[in-house]
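Quick notes on the structure that follows.
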Protein chains: 2
Amino acid sequence: MTSERKRKNTSTRRAMLANEIAQAIRLRAFRPGEWLRQIDLEERFQATRFDVRSALDELAVRKTIEHVPNRGYRVAEVDLKTYEEILATRIILERATAEGIVAQIDDAAIARLDALAAQFSAAVTTGSRTEQSEINRAFHQFMYSFCGNAVLEEMIWGLRDRGRGSQITVWSSHELLQKSDREHYEMMAALKARDAGRLATLIATHIIKGAPVGPAPVEPA
Amino acid sequence: MTSERKRKNTSTRRAMLANEIAQAIRLRAFRPGEWLRQIDLEERFQATRFDVRSALDELAVRKTIEHVPNRGYRVAEVDLKTYEEILATRIILERATAEGIVAQIDDAAIARLDALAAQFSAAVTTGSRTEQSEINRAFHQFMYSFCGNAVLEEMIWGLRDRGRGSQITVWSSHELLQKSDREHYEMMAALKARDAGRLATLIATHIIKGAPVGPAPVEPA
DNA sequence: GGCGAAATTATTGGCGCCAATTATGTCGCA
DNA sequence: TGCGACATAATTGGCGCCAATAATTTCGCC
């Protein structure tokens, strides 16, 4: 195992690189609208130009980034209308997980979710923005993984990634973060009570409330 | 304008080729599990090897086809579990269009839909299998286009394409075709009555009934 | 005649080079 | 000094070649 060396094939490398870039975008290492220069990515991720381009193409198909001929690739900027559509669709899909989750989740998983909720609580005051984001993601990802529908899960995470391209800052205020935190515990309560309807409702409000659209906050452009 | 010649860039050509191949798969020119040899595709679609590969990569990301390293690309075969998940997710998404459709559709569109339904009726007895399929697609595509949520539409058509990879023959019997036909008119009735709830229910049964799963047919594994 | 291994053929896949295009900087002119 | 045009630099993008891998056939041996 020491001197063994495995050469991965392109499709694997591309997928890995695409995910790395996608994560970087999630963590706001590249902001919406920002150009992704191929040379920079080559160096940053120690990949060949070819792999970089493949990965960018993949992300373009997934609509995480946008391709402009002869200009390059840039992080997708989703307009308000599309953002609202993404949110509406997320609500449809994520609500639909409730029934399966309640039916299939076990006590061990509930305990783990409680732990994740607690981790998030801690991160709200202590952690960095990216920590909060990743823990929150982990909480929902783990919860949704019990819905019993892998296709449904895929769609949800695809949509969540697309939504990142919005100019609207998620969790713009500390207050909103705390609200998210509280809602996690309400979800846990619904889960423990095996109340799928309530869980679905909570998920819906969680999505809406987590994103301050409506009352047009600040920052005109 | 006569001697003017426009060279389209790769991203355009790739997208076009990908769609052509996707359509060929929809029309069963390539069956699930069948290998797509790059040389054949080059000739069939008069494209360069590079474009073919790009298009195949795109389709692989969209899960229309599957990529096996050093073996090539083949039309995705979806297993029974995944097929059921796709159906369940389609029901969730397509049901959700009902409300928007009822709210936004106008009389002209209803007339056009009536015409499409009639076309389908004719195709049930007269037309070929692919004609039936394409007209049916047109009916639903036009109807869903009034739901007011482009993102939701994208997801639906992505899922519908993925479902084609199933071994389960859609419309296995003539009887099933006629049932689909009848249901189209029931949808029209619900639409004219502006009854979103009923439309949603009809859409759901349409999806289930159109695909003979449910009563656990045969084939254990 | 059946079977396995080696040779042959077919197919995929990695990747780098250079042309095409766009962005940037500079200079001259009013 | 402002502005447009030209020159230069930076970046993207098309594509084809050949190595790597898998499939097929052939051949020799039991």
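Residue numbers start at 1 in each chain; chains themselves are named A, B, ... in the order of the structure tokens; ligands are numbered from 1 in the order shown.
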Could you give me, as a ChimeraX atom specification, the residues within 12 Å of Glu94 in chain A, counting only C-alpha atoms (C1' of nucleotides) and dropping anything in the same chain fewer than 6 positions from it? /A:86-88,100-101,140-141,143-145,147,149,152-157,159-160,199-208 /B:89,92-93
Save the residues we just selected, N, CA and C atoms, as an mmCIF file, in the first residue's frame?
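result-v8.cif, freshly written:
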```cif
data_model
loop_
_atom_site.group_PDB
_atom_site.id
_atom_site.type_symbol
_atom_site.label_atom_id
_atom_site.label_comp_id
_atom_site.auth_asym_id
_atom_site.auth_seq_id
_atom_site.Cartn_x
_atom_site.Cartn_y
_atom_site.Cartn_z
ATOM 1 N N ILE A 86 -36.853 28.942 -7.425
ATOM 2 C CA ILE A 86 -36.047 27.923 -6.754
ATOM 3 C C ILE A 86 -36.592 27.672 -5.350
ATOM 4 N N LEU A 87 -36.873 28.742 -4.652
ATOM 5 C CA LEU A 87 -37.410 28.612 -3.293
ATOM 6 C C LEU A 87 -38.742 27.860 -3.299
ATOM 7 N N ALA A 88 -39.610 28.248 -4.232
ATOM 8 C CA ALA A 88 -40.922 27.602 -4.312
ATOM 9 C C ALA A 88 -40.768 26.110 -4.577
ATOM 10 N N GLY A 100 -41.762 10.479 4.646
ATOM 11 C CA GLY A 100 -40.798 9.383 4.649
ATOM 12 C C GLY A 100 -39.872 9.425 5.850
ATOM 13 N N ILE A 101 -39.433 10.635 6.186
ATOM 14 C CA ILE A 101 -38.510 10.778 7.313
ATOM 15 C C ILE A 101 -39.162 10.278 8.593
ATOM 16 N N HIS A 140 -29.507 19.164 7.694
ATOM 17 C CA HIS A 140 -30.578 18.881 6.740
ATOM 18 C C HIS A 140 -30.262 17.667 5.879
ATOM 19 N N GLN A 141 -29.003 17.555 5.498
ATOM 20 C CA GLN A 141 -28.620 16.421 4.657
ATOM 21 C C GLN A 141 -28.887 15.103 5.385
ATOM 22 N N MET A 143 -30.933 14.582 7.873
ATOM 23 C CA MET A 143 -32.372 14.395 8.061
ATOM 24 C C MET A 143 -33.033 13.895 6.770
ATOM 25 N N TYR A 144 -32.734 14.570 5.678
ATOM 26 C CA TYR A 144 -33.364 14.196 4.409
ATOM 27 C C TYR A 144 -32.942 12.808 3.946
ATOM 28 N N SER A 145 -31.789 12.357 4.408
ATOM 29 C CA SER A 145 -31.300 11.047 3.952
ATOM 30 C C SER A 145 -32.222 9.916 4.407
ATOM 31 N N CYS A 147 -35.508 10.039 4.004
ATOM 32 C CA CYS A 147 -36.793 10.158 3.315
ATOM 33 C C CYS A 147 -37.055 8.948 2.418
ATOM 34 N N ASN A 149 -35.926 8.335 -0.592
ATOM 35 C CA ASN A 149 -36.009 8.627 -2.034
ATOM 36 C C ASN A 149 -34.752 9.376 -2.471
ATOM 37 N N LEU A 152 -35.174 12.194 -5.069
ATOM 38 C CA LEU A 152 -35.689 13.410 -4.432
ATOM 39 C C LEU A 152 -34.565 14.183 -3.745
ATOM 40 N N GLU A 153 -33.716 13.458 -3.034
ATOM 41 C CA GLU A 153 -32.580 14.104 -2.361
ATOM 42 C C GLU A 153 -31.679 14.832 -3.349
ATOM 43 N N GLU A 154 -31.317 14.136 -4.422
ATOM 44 C CA GLU A 154 -30.474 14.747 -5.460
ATOM 45 C C GLU A 154 -31.041 16.085 -5.902
ATOM 46 N N MET A 155 -32.326 16.094 -6.209
ATOM 47 C CA MET A 155 -32.953 17.305 -6.725
ATOM 48 C C MET A 155 -32.844 18.424 -5.699
ATOM 49 N N ILE A 156 -33.081 18.075 -4.451
ATOM 50 C CA ILE A 156 -33.029 19.080 -3.395
ATOM 51 C C ILE A 156 -31.655 19.729 -3.329
ATOM 52 N N TRP A 157 -30.619 18.895 -3.357
ATOM 53 C CA TRP A 157 -29.279 19.472 -3.201
ATOM 54 C C TRP A 157 -28.847 20.211 -4.437
ATOM 55 N N LEU A 159 -30.873 21.984 -6.247
ATOM 56 C CA LEU A 159 -31.554 23.267 -6.133
ATOM 57 C C LEU A 159 -30.908 24.157 -5.079
ATOM 58 N N ARG A 160 -30.537 23.567 -3.963
ATOM 59 C CA ARG A 160 -29.908 24.358 -2.905
ATOM 60 C C ARG A 160 -28.632 25.002 -3.408
ATOM 61 N N LEU A 199 -43.980 18.644 10.682
ATOM 62 C CA LEU A 199 -42.608 18.713 10.159
ATOM 63 C C LEU A 199 -42.587 19.379 8.788
ATOM 64 N N ALA A 200 -43.529 18.986 7.950
ATOM 65 C CA ALA A 200 -43.610 19.573 6.604
ATOM 66 C C ALA A 200 -43.814 21.082 6.686
ATOM 67 N N THR A 201 -44.710 21.487 7.541
ATOM 68 C CA THR A 201 -44.972 22.919 7.704
ATOM 69 C C THR A 201 -43.728 23.661 8.179
ATOM 70 N N LEU A 202 -43.057 23.064 9.154
ATOM 71 C CA LEU A 202 -41.846 23.687 9.681
ATOM 72 C C LEU A 202 -40.767 23.824 8.612
ATOM 73 N N ILE A 203 -40.630 22.776 7.804
ATOM 74 C CA ILE A 203 -39.638 22.815 6.732
ATOM 75 C C ILE A 203 -39.943 23.975 5.782
ATOM 76 N N ALA A 204 -41.215 24.114 5.449
ATOM 77 C CA ALA A 204 -41.616 25.181 4.526
ATOM 78 C C ALA A 204 -41.287 26.557 5.099
ATOM 79 N N THR A 205 -41.674 26.801 6.332
ATOM 80 C CA THR A 205 -41.405 28.124 6.916
ATOM 81 C C THR A 205 -39.904 28.338 7.092
ATOM 82 N N HIS A 206 -39.194 27.249 7.369
ATOM 83 C CA HIS A 206 -37.746 27.322 7.523
ATOM 84 C C HIS A 206 -37.100 27.856 6.245
ATOM 85 N N ILE A 207 -37.578 27.365 5.136
ATOM 86 C CA ILE A 207 -37.018 27.796 3.846
ATOM 87 C C ILE A 207 -37.375 29.255 3.571
ATOM 88 N N ILE A 208 -38.629 29.598 3.794
ATOM 89 C CA ILE A 208 -39.066 30.975 3.535
ATOM 90 C C ILE A 208 -38.374 31.949 4.477
ATOM 91 N N THR B 89 -41.250 11.215 -7.329
ATOM 92 C CA THR B 89 -40.810 12.605 -7.393
ATOM 93 C C THR B 89 -41.560 13.360 -8.481
ATOM 94 N N ILE B 92 -44.851 14.374 -7.130
ATOM 95 C CA ILE B 92 -44.714 15.544 -6.260
ATOM 96 C C ILE B 92 -44.635 16.818 -7.089
ATOM 97 N N LEU B 93 -43.772 16.810 -8.092
ATOM 98 C CA LEU B 93 -43.524 18.017 -8.874
ATOM 99 C C LEU B 93 -44.689 18.361 -9.794
#
```
Please determine the contact residues of chain A with respect to chain B at a cut-off of 10 Å, counting only C-alpha atoms, and supply them as an MDAnalysis selection string. chainID A and resid 8:12 15 54 57:62 67:70 81:90 92:93 95:96 148:153 155 159
Write the residues you've just listed into a file as an mmCIF file, in the first residue's frame, and include N, CA and C atoms for each of them.
```cif
data_model
loop_
_atom_site.group_PDB
_atom_site.id
_atom_site.type_symbol
_atom_site.label_atom_id
_atom_site.label_comp_id
_atom_site.auth_asym_id
_atom_site.auth_seq_id
_atom_site.Cartn_x
_atom_site.Cartn_y
_atom_site.Cartn_z
ATOM 1 N N LYS A 8 -6.334 7.679 -11.273
ATOM 2 C CA LYS A 8 -7.777 7.747 -11.469
ATOM 3 C C LYS A 8 -8.069 8.211 -12.899
ATOM 4 N N ASN A 9 -9.178 7.792 -13.408
ATOM 5 C CA ASN A 9 -9.543 8.209 -14.759
ATOM 6 C C ASN A 9 -10.254 9.561 -14.742
ATOM 7 N N THR A 10 -10.380 10.107 -15.912
ATOM 8 C CA THR A 10 -10.858 11.482 -16.034
ATOM 9 C C THR A 10 -12.191 11.724 -15.368
ATOM 10 N N SER A 11 -13.132 10.835 -15.643
ATOM 11 C CA SER A 11 -14.480 11.083 -15.126
ATOM 12 C C SER A 11 -14.461 11.231 -13.608
ATOM 13 N N THR A 12 -13.591 10.461 -12.965
ATOM 14 C CA THR A 12 -13.486 10.580 -11.517
ATOM 15 C C THR A 12 -12.849 11.910 -11.133
ATOM 16 N N ALA A 15 -15.199 14.817 -11.736
ATOM 17 C CA ALA A 15 -16.260 14.910 -10.739
ATOM 18 C C ALA A 15 -15.719 15.472 -9.432
ATOM 19 N N SER A 54 -13.252 20.549 -18.109
ATOM 20 C CA SER A 54 -14.281 19.522 -17.961
ATOM 21 C C SER A 54 -15.149 19.800 -16.744
ATOM 22 N N ASP A 57 -17.402 22.666 -17.347
ATOM 23 C CA ASP A 57 -18.526 22.268 -18.197
ATOM 24 C C ASP A 57 -19.596 21.552 -17.379
ATOM 25 N N GLU A 58 -19.138 20.673 -16.511
ATOM 26 C CA GLU A 58 -20.104 19.943 -15.689
ATOM 27 C C GLU A 58 -20.916 20.893 -14.814
ATOM 28 N N LEU A 59 -20.222 21.830 -14.193
ATOM 29 C CA LEU A 59 -20.917 22.786 -13.329
ATOM 30 C C LEU A 59 -21.863 23.670 -14.133
ATOM 31 N N ALA A 60 -21.488 23.934 -15.379
ATOM 32 C CA ALA A 60 -22.367 24.734 -16.233
ATOM 33 C C ALA A 60 -23.652 23.964 -16.529
ATOM 34 N N VAL A 61 -23.534 22.660 -16.756
ATOM 35 C CA VAL A 61 -24.717 21.842 -16.994
ATOM 36 C C VAL A 61 -25.597 21.820 -15.738
ATOM 37 N N ARG A 62 -24.938 21.777 -14.596
ATOM 38 C CA ARG A 62 -25.691 21.771 -13.333
ATOM 39 C C ARG A 62 -26.186 23.164 -12.962
ATOM 40 N N HIS A 67 -21.756 29.743 -18.640
ATOM 41 C CA HIS A 67 -20.713 29.826 -19.641
ATOM 42 C C HIS A 67 -21.035 30.882 -20.672
ATOM 43 N N VAL A 68 -20.127 31.786 -20.880
ATOM 44 C CA VAL A 68 -20.274 32.814 -21.906
ATOM 45 C C VAL A 68 -19.184 32.589 -22.947
ATOM 46 N N PRO A 69 -19.559 32.263 -24.183
ATOM 47 C CA PRO A 69 -18.578 31.957 -25.217
ATOM 48 C C PRO A 69 -17.534 33.047 -25.379
ATOM 49 N N ASN A 70 -16.308 32.641 -25.446
ATOM 50 C CA ASN A 70 -15.161 33.525 -25.617
ATOM 51 C C ASN A 70 -14.925 34.484 -24.448
ATOM 52 N N LYS A 81 -36.566 36.611 -9.860
ATOM 53 C CA LYS A 81 -37.650 35.723 -10.294
ATOM 54 C C LYS A 81 -37.232 34.260 -10.169
ATOM 55 N N THR A 82 -36.062 33.945 -10.707
ATOM 56 C CA THR A 82 -35.567 32.575 -10.643
ATOM 57 C C THR A 82 -35.352 32.155 -9.194
ATOM 58 N N TYR A 83 -34.839 33.068 -8.403
ATOM 59 C CA TYR A 83 -34.608 32.752 -6.992
ATOM 60 C C TYR A 83 -35.900 32.362 -6.296
ATOM 61 N N GLU A 84 -36.930 33.103 -6.578
ATOM 62 C CA GLU A 84 -38.227 32.785 -5.970
ATOM 63 C C GLU A 84 -38.747 31.445 -6.464
ATOM 64 N N GLU A 85 -38.485 31.155 -7.740
ATOM 65 C CA GLU A 85 -38.907 29.864 -8.289
ATOM 66 C C GLU A 85 -38.145 28.727 -7.627
ATOM 67 N N ILE A 86 -36.853 28.942 -7.425
ATOM 68 C CA ILE A 86 -36.047 27.923 -6.754
ATOM 69 C C ILE A 86 -36.592 27.672 -5.350
ATOM 70 N N LEU A 87 -36.873 28.742 -4.652
ATOM 71 C CA LEU A 87 -37.410 28.612 -3.293
ATOM 72 C C LEU A 87 -38.742 27.860 -3.299
ATOM 73 N N ALA A 88 -39.610 28.248 -4.232
ATOM 74 C CA ALA A 88 -40.922 27.602 -4.312
ATOM 75 C C ALA A 88 -40.768 26.110 -4.577
ATOM 76 N N THR A 89 -39.842 25.784 -5.474
ATOM 77 C CA THR A 89 -39.629 24.382 -5.822
ATOM 78 C C THR A 89 -38.996 23.621 -4.658
ATOM 79 N N ARG A 90 -38.078 24.284 -3.965
ATOM 80 C CA ARG A 90 -37.479 23.656 -2.785
ATOM 81 C C ARG A 90 -38.549 23.334 -1.755
ATOM 82 N N ILE A 92 -41.656 22.699 -2.255
ATOM 83 C CA ILE A 92 -42.409 21.543 -2.744
ATOM 84 C C ILE A 92 -41.661 20.256 -2.441
ATOM 85 N N LEU A 93 -40.386 20.231 -2.794
ATOM 86 C CA LEU A 93 -39.607 19.004 -2.661
ATOM 87 C C LEU A 93 -39.285 18.681 -1.203
ATOM 88 N N ARG A 95 -40.692 19.708 1.588
ATOM 89 C CA ARG A 95 -41.904 19.339 2.329
ATOM 90 C C ARG A 95 -42.197 17.861 2.146
ATOM 91 N N ALA A 96 -42.020 17.401 0.912
ATOM 92 C CA ALA A 96 -42.397 16.030 0.561
ATOM 93 C C ALA A 96 -41.530 14.982 1.249
ATOM 94 N N GLY A 148 -36.011 8.195 2.130
ATOM 95 C CA GLY A 148 -36.200 6.960 1.367
ATOM 96 C C GLY A 148 -36.333 7.167 -0.120
ATOM 97 N N ASN A 149 -35.926 8.335 -0.592
ATOM 98 C CA ASN A 149 -36.009 8.627 -2.034
ATOM 99 C C ASN A 149 -34.752 9.376 -2.471
ATOM 100 N N ALA A 150 -33.806 8.623 -3.007
ATOM 101 C CA ALA A 150 -32.512 9.196 -3.371
ATOM 102 C C ALA A 150 -32.649 10.231 -4.486
ATOM 103 N N VAL A 151 -33.553 9.980 -5.408
ATOM 104 C CA VAL A 151 -33.758 10.920 -6.511
ATOM 105 C C VAL A 151 -34.232 12.263 -5.973
ATOM 106 N N LEU A 152 -35.174 12.194 -5.069
ATOM 107 C CA LEU A 152 -35.689 13.410 -4.432
ATOM 108 C C LEU A 152 -34.565 14.183 -3.745
ATOM 109 N N GLU A 153 -33.716 13.458 -3.034
ATOM 110 C CA GLU A 153 -32.580 14.104 -2.361
ATOM 111 C C GLU A 153 -31.679 14.832 -3.349
ATOM 112 N N MET A 155 -32.326 16.094 -6.209
ATOM 113 C CA MET A 155 -32.953 17.305 -6.725
ATOM 114 C C MET A 155 -32.844 18.424 -5.699
ATOM 115 N N LEU A 159 -30.873 21.984 -6.247
ATOM 116 C CA LEU A 159 -31.554 23.267 -6.133
ATOM 117 C C LEU A 159 -30.908 24.157 -5.079
#
```
Between C1' of DT26 in chain C and C1' of DA5 in chain D, what is the distance, to one decimal in Å?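 Between C1' of DT26 in chain C and C1' of DA5 in chain D the gap is 10.5 Å.
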What are the coordinates of chain B as a short mmCIF file (atom, residue, chain, number, x, y, z; two decimals) with C-alpha atoms, in the first residue's frame following a least-squares fit to chain A on all in-order C-alpha atoms?
```
data_model
loop_
_atom_site.label_atom_id
_atom_site.label_comp_id
_atom_site.auth_asym_id
_atom_site.auth_seq_id
_atom_site.Cartn_x
_atom_site.Cartn_y
_atom_site.Cartn_z
CA MET B 1 0.36 -2.16 -1.85
CA THR B 2 3.28 0.11 -1.16
CA SER B 3 4.53 0.74 -4.66
CA GLU B 4 1.12 0.30 -6.14
CA ARG B 5 -0.10 3.34 -7.92
CA LYS B 6 -3.60 3.80 -9.21
CA ARG B 7 -4.29 6.24 -11.97
CA LYS B 8 -7.81 7.44 -11.74
CA ASN B 9 -9.65 8.06 -14.96
CA THR B 10 -10.90 11.40 -16.14
CA SER B 11 -14.53 11.07 -15.21
CA THR B 12 -13.52 10.47 -11.61
CA ARG B 13 -11.01 13.27 -11.51
CA ARG B 14 -13.41 15.65 -13.16
CA ALA B 15 -16.20 14.86 -10.74
CA MET B 16 -13.86 15.34 -7.80
CA LEU B 17 -12.55 18.64 -9.09
CA ALA B 18 -16.05 19.82 -9.90
CA ASN B 19 -17.10 19.08 -6.35
CA GLU B 20 -14.09 20.86 -4.93
CA ILE B 21 -14.84 23.94 -6.96
CA ALA B 22 -18.51 23.71 -6.05
CA GLN B 23 -17.58 23.59 -2.38
CA ALA B 24 -15.29 26.58 -2.79
CA ILE B 25 -18.22 28.45 -4.29
CA ARG B 26 -20.49 27.38 -1.44
CA LEU B 27 -17.94 28.65 1.03
CA ARG B 28 -17.84 31.94 -0.85
CA ALA B 29 -14.21 31.55 -1.85
CA PHE B 30 -15.55 32.76 -5.18
CA ARG B 31 -18.38 35.22 -5.05
CA PRO B 32 -21.34 35.38 -7.43
CA GLY B 33 -20.40 37.05 -10.68
CA GLU B 34 -16.70 36.44 -10.16
CA TRP B 35 -14.75 35.11 -13.11
CA LEU B 36 -13.07 31.74 -12.67
CA ARG B 37 -9.80 31.91 -14.54
CA GLN B 38 -8.64 28.55 -15.74
CA ILE B 39 -4.98 29.24 -15.01
CA ASP B 40 -5.74 30.10 -11.41
CA LEU B 41 -7.80 26.96 -10.93
CA GLU B 42 -5.02 24.86 -12.43
CA GLU B 43 -2.63 26.04 -9.75
CA ARG B 44 -5.09 26.17 -6.88
CA PHE B 45 -6.25 22.60 -7.35
CA GLN B 46 -3.13 21.20 -8.99
CA ALA B 47 -4.95 19.98 -12.04
CA THR B 48 -4.34 20.06 -15.74
CA ARG B 49 -6.04 22.60 -17.90
CA PHE B 50 -8.12 19.90 -19.49
CA ASP B 51 -9.48 18.67 -16.20
CA VAL B 52 -10.28 22.19 -15.12
CA ARG B 53 -12.28 22.79 -18.24
CA SER B 54 -14.14 19.52 -17.90
CA ALA B 55 -15.05 20.35 -14.32
CA LEU B 56 -16.19 23.82 -15.31
CA ASP B 57 -18.32 22.35 -18.06
CA GLU B 58 -19.95 20.02 -15.58
CA LEU B 59 -20.70 22.86 -13.19
CA ALA B 60 -22.12 24.87 -16.05
CA VAL B 61 -24.52 22.04 -16.85
CA ARG B 62 -25.49 21.95 -13.19
CA LYS B 63 -26.03 25.72 -13.40
CA THR B 64 -23.66 26.39 -10.54
CA ILE B 65 -21.63 28.54 -12.88
CA GLU B 66 -22.33 30.22 -16.17
CA HIS B 67 -20.39 29.94 -19.40
CA VAL B 68 -19.89 32.97 -21.61
CA PRO B 69 -18.28 32.08 -24.95
CA ASN B 70 -14.82 33.57 -25.36
CA ARG B 71 -15.05 35.15 -21.94
CA GLY B 72 -14.91 32.16 -19.70
CA TYR B 73 -16.84 30.86 -16.74
CA ARG B 74 -18.20 32.83 -13.83
CA VAL B 75 -20.14 32.02 -10.70
CA ALA B 76 -23.80 32.21 -11.61
CA GLU B 77 -25.66 35.26 -10.46
CA VAL B 78 -29.28 34.39 -10.02
CA ASP B 79 -31.72 37.24 -10.42
CA LEU B 80 -34.47 37.88 -7.92
CA LYS B 81 -37.18 36.18 -9.96
CA THR B 82 -35.16 33.00 -10.37
CA TYR B 83 -34.21 33.12 -6.71
CA GLU B 84 -37.83 33.18 -5.70
CA GLU B 85 -38.57 30.33 -8.07
CA ILE B 86 -35.76 28.30 -6.56
CA LEU B 87 -37.13 28.96 -3.09
CA ALA B 88 -40.65 28.04 -4.13
CA THR B 89 -39.42 24.81 -5.69
CA ARG B 90 -37.29 24.01 -2.68
CA ILE B 91 -40.34 24.38 -0.47
CA ILE B 92 -42.26 21.99 -2.68
CA LEU B 93 -39.50 19.39 -2.62
CA GLU B 94 -38.29 19.70 0.94
CA ARG B 95 -41.81 19.68 2.37
CA ALA B 96 -42.36 16.43 0.54
CA THR B 97 -39.57 14.75 2.47
CA ALA B 98 -41.40 15.11 5.79
CA GLU B 99 -43.66 12.13 5.42
CA GLY B 100 -40.88 9.70 4.53
CA ILE B 101 -38.59 11.01 7.23
CA VAL B 102 -41.16 10.60 9.98
CA ALA B 103 -41.99 7.12 8.76
CA GLN B 104 -38.45 5.84 8.45
CA ILE B 105 -36.23 7.61 10.94
CA ASP B 106 -35.01 5.65 13.94
CA ASP B 107 -34.00 6.69 17.43
CA ALA B 108 -30.28 6.55 16.77
CA ALA B 109 -30.69 8.97 13.90
CA ILE B 110 -32.80 11.27 16.02
CA ALA B 111 -30.05 11.31 18.62
CA ARG B 112 -27.50 12.16 15.95
CA LEU B 113 -29.74 14.94 14.65
CA ASP B 114 -30.07 16.33 18.17
CA ALA B 115 -26.31 16.41 18.35
CA LEU B 116 -26.08 18.26 15.04
CA ALA B 117 -28.68 20.76 16.20
CA ALA B 118 -26.61 21.34 19.32
CA GLN B 119 -23.49 21.78 17.21
CA PHE B 120 -25.30 24.41 15.23
CA SER B 121 -26.37 26.20 18.39
CA ALA B 122 -22.76 26.36 19.45
CA ALA B 123 -21.64 27.56 16.03
CA VAL B 124 -24.20 30.36 16.06
CA THR B 125 -22.28 32.15 18.77
CA THR B 126 -18.81 30.67 18.43
CA GLY B 127 -18.18 29.49 14.91
CA SER B 128 -17.33 31.19 11.67
CA ARG B 129 -19.80 31.85 8.93
CA THR B 130 -18.64 28.86 6.90
CA GLU B 131 -18.78 26.57 9.94
CA GLN B 132 -22.36 27.59 10.57
CA SER B 133 -23.18 26.96 6.95
CA GLU B 134 -21.59 23.54 6.83
CA ILE B 135 -23.13 22.33 10.07
CA ASN B 136 -26.52 23.55 8.96
CA ARG B 137 -26.02 21.69 5.71
CA ALA B 138 -25.03 18.54 7.57
CA PHE B 139 -28.16 18.74 9.73
CA HIS B 140 -30.52 18.97 6.80
CA GLN B 141 -28.59 16.50 4.69
CA PHE B 142 -28.72 13.90 7.39
CA MET B 143 -32.39 14.51 8.05
CA TYR B 144 -33.37 14.37 4.38
CA SER B 145 -31.35 11.19 3.88
CA PHE B 146 -34.18 9.35 5.64
CA CYS B 147 -36.88 10.40 3.23
CA GLY B 148 -36.34 7.23 1.22
CA ASN B 149 -36.12 8.94 -2.15
CA ALA B 150 -32.59 9.46 -3.47
CA VAL B 151 -33.81 11.26 -6.59
CA LEU B 152 -35.70 13.74 -4.48
CA GLU B 153 -32.58 14.35 -2.39
CA GLU B 154 -30.45 15.01 -5.47
CA MET B 155 -32.88 17.62 -6.69
CA ILE B 156 -32.93 19.35 -3.34
CA TRP B 157 -29.16 19.68 -3.11
CA GLY B 158 -28.90 20.76 -6.69
CA LEU B 159 -31.36 23.55 -6.01
CA ARG B 160 -29.70 24.55 -2.75
CA ASP B 161 -26.40 24.95 -4.57
CA ARG B 162 -28.00 27.03 -7.27
CA GLY B 163 -29.52 29.34 -4.70
CA ARG B 164 -26.07 30.25 -3.43
CA GLY B 165 -25.57 32.39 -6.52
CA SER B 166 -28.02 34.90 -5.18
CA GLN B 167 -26.83 38.30 -4.11
CA ILE B 168 -29.17 38.07 -1.17
CA THR B 169 -27.03 37.31 1.83
CA VAL B 170 -28.41 34.37 3.68
CA TRP B 171 -28.50 34.81 7.43
CA SER B 172 -27.97 38.49 7.02
CA SER B 173 -28.52 39.08 10.69
CA HIS B 174 -27.60 37.30 13.87
CA GLU B 175 -31.26 37.36 14.75
CA LEU B 176 -32.05 35.27 11.68
CA LEU B 177 -29.39 32.77 12.65
CA GLN B 178 -30.93 32.33 16.06
CA LYS B 179 -34.31 31.87 14.50
CA SER B 180 -32.92 29.10 12.30
CA ASP B 181 -31.41 27.56 15.38
CA ARG B 182 -34.71 27.57 17.24
CA GLU B 183 -36.53 26.10 14.26
CA HIS B 184 -34.15 23.15 14.20
CA TYR B 185 -35.35 22.22 17.67
CA GLU B 186 -38.96 22.67 16.67
CA MET B 187 -38.31 20.25 13.84
CA MET B 188 -36.81 17.81 16.29
CA ALA B 189 -39.92 18.08 18.43
CA ALA B 190 -42.18 17.40 15.45
CA LEU B 191 -39.94 14.50 14.50
CA LYS B 192 -40.13 12.95 17.96
CA ALA B 193 -43.90 13.40 17.96
CA ARG B 194 -43.97 11.71 14.53
CA ASP B 195 -45.97 14.67 13.25
CA ALA B 196 -45.24 14.79 9.52
CA GLY B 197 -47.64 17.65 8.84
CA ARG B 198 -46.05 19.88 11.42
CA LEU B 199 -42.57 18.97 10.21
CA ALA B 200 -43.53 19.90 6.65
CA THR B 201 -44.84 23.26 7.80
CA LEU B 202 -41.70 23.93 9.79
CA ILE B 203 -39.50 23.07 6.83
CA ALA B 204 -41.42 25.50 4.66
CA THR B 205 -41.17 28.39 7.09
CA HIS B 206 -37.54 27.53 7.71
CA ILE B 207 -36.79 28.04 4.04
CA ILE B 208 -38.79 31.25 3.79
CA LYS B 209 -37.59 32.74 7.03
CA GLY B 210 -34.01 31.80 6.38
CA ALA B 211 -34.05 34.04 3.35
CA PRO B 212 -35.35 37.56 3.84
CA VAL B 213 -37.51 37.98 0.77
CA GLY B 214 -41.27 38.06 1.25
CA PRO B 215 -42.00 41.55 2.55
CA ALA B 216 -40.53 43.19 -0.57
CA PRO B 217 -37.45 44.75 0.99
CA VAL B 218 -35.82 47.29 -1.29
CA GLU B 219 -34.10 47.32 -4.67
CA PRO B 220 -36.78 47.60 -7.36
CA ALA B 221 -34.46 46.62 -10.26
#
```
Proximal residues of chain C relative to chain A (only C-alpha atoms (C1' of nucleotides); 12 Å) as a ChimeraX atom specification: /C:12-16,20-23
Given a cut-off of 10 Å, which residues of chain D touch chain B, counting only C-alpha atoms (C1' of nucleotides), written out as a ChimeraX atom specification? /D:13-16,20-22
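Taking C1' of DA10 in chain D as the reference point, C1' of DC29 in chain C is found at 28.4 Å.
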Within 12 Å of DA7 in chain D, counting only C-alpha atoms (C1' of nucleotides), which residues show up once you throw out same-chain ones fewer than 5 positions away? Write them as a PDB file with C-alpha atoms (C1' of nucleotides), in the first residue's frame, please.
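File produced: part.pdb:
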```pdb
ATOM      1  C1'  DT C  24      -5.689  46.221 -21.678  1.00  0.00           C
ATOM      2  C1'  DG C  25      -2.402  49.724 -22.489  1.00  0.00           C
ATOM      3  C1'  DT C  26      -0.416  53.406 -25.370  1.00  0.00           C
ATOM      4  C1'  DC C  27      -0.067  56.944 -28.355  1.00  0.00           C
TER       5       DC C  27
END
```
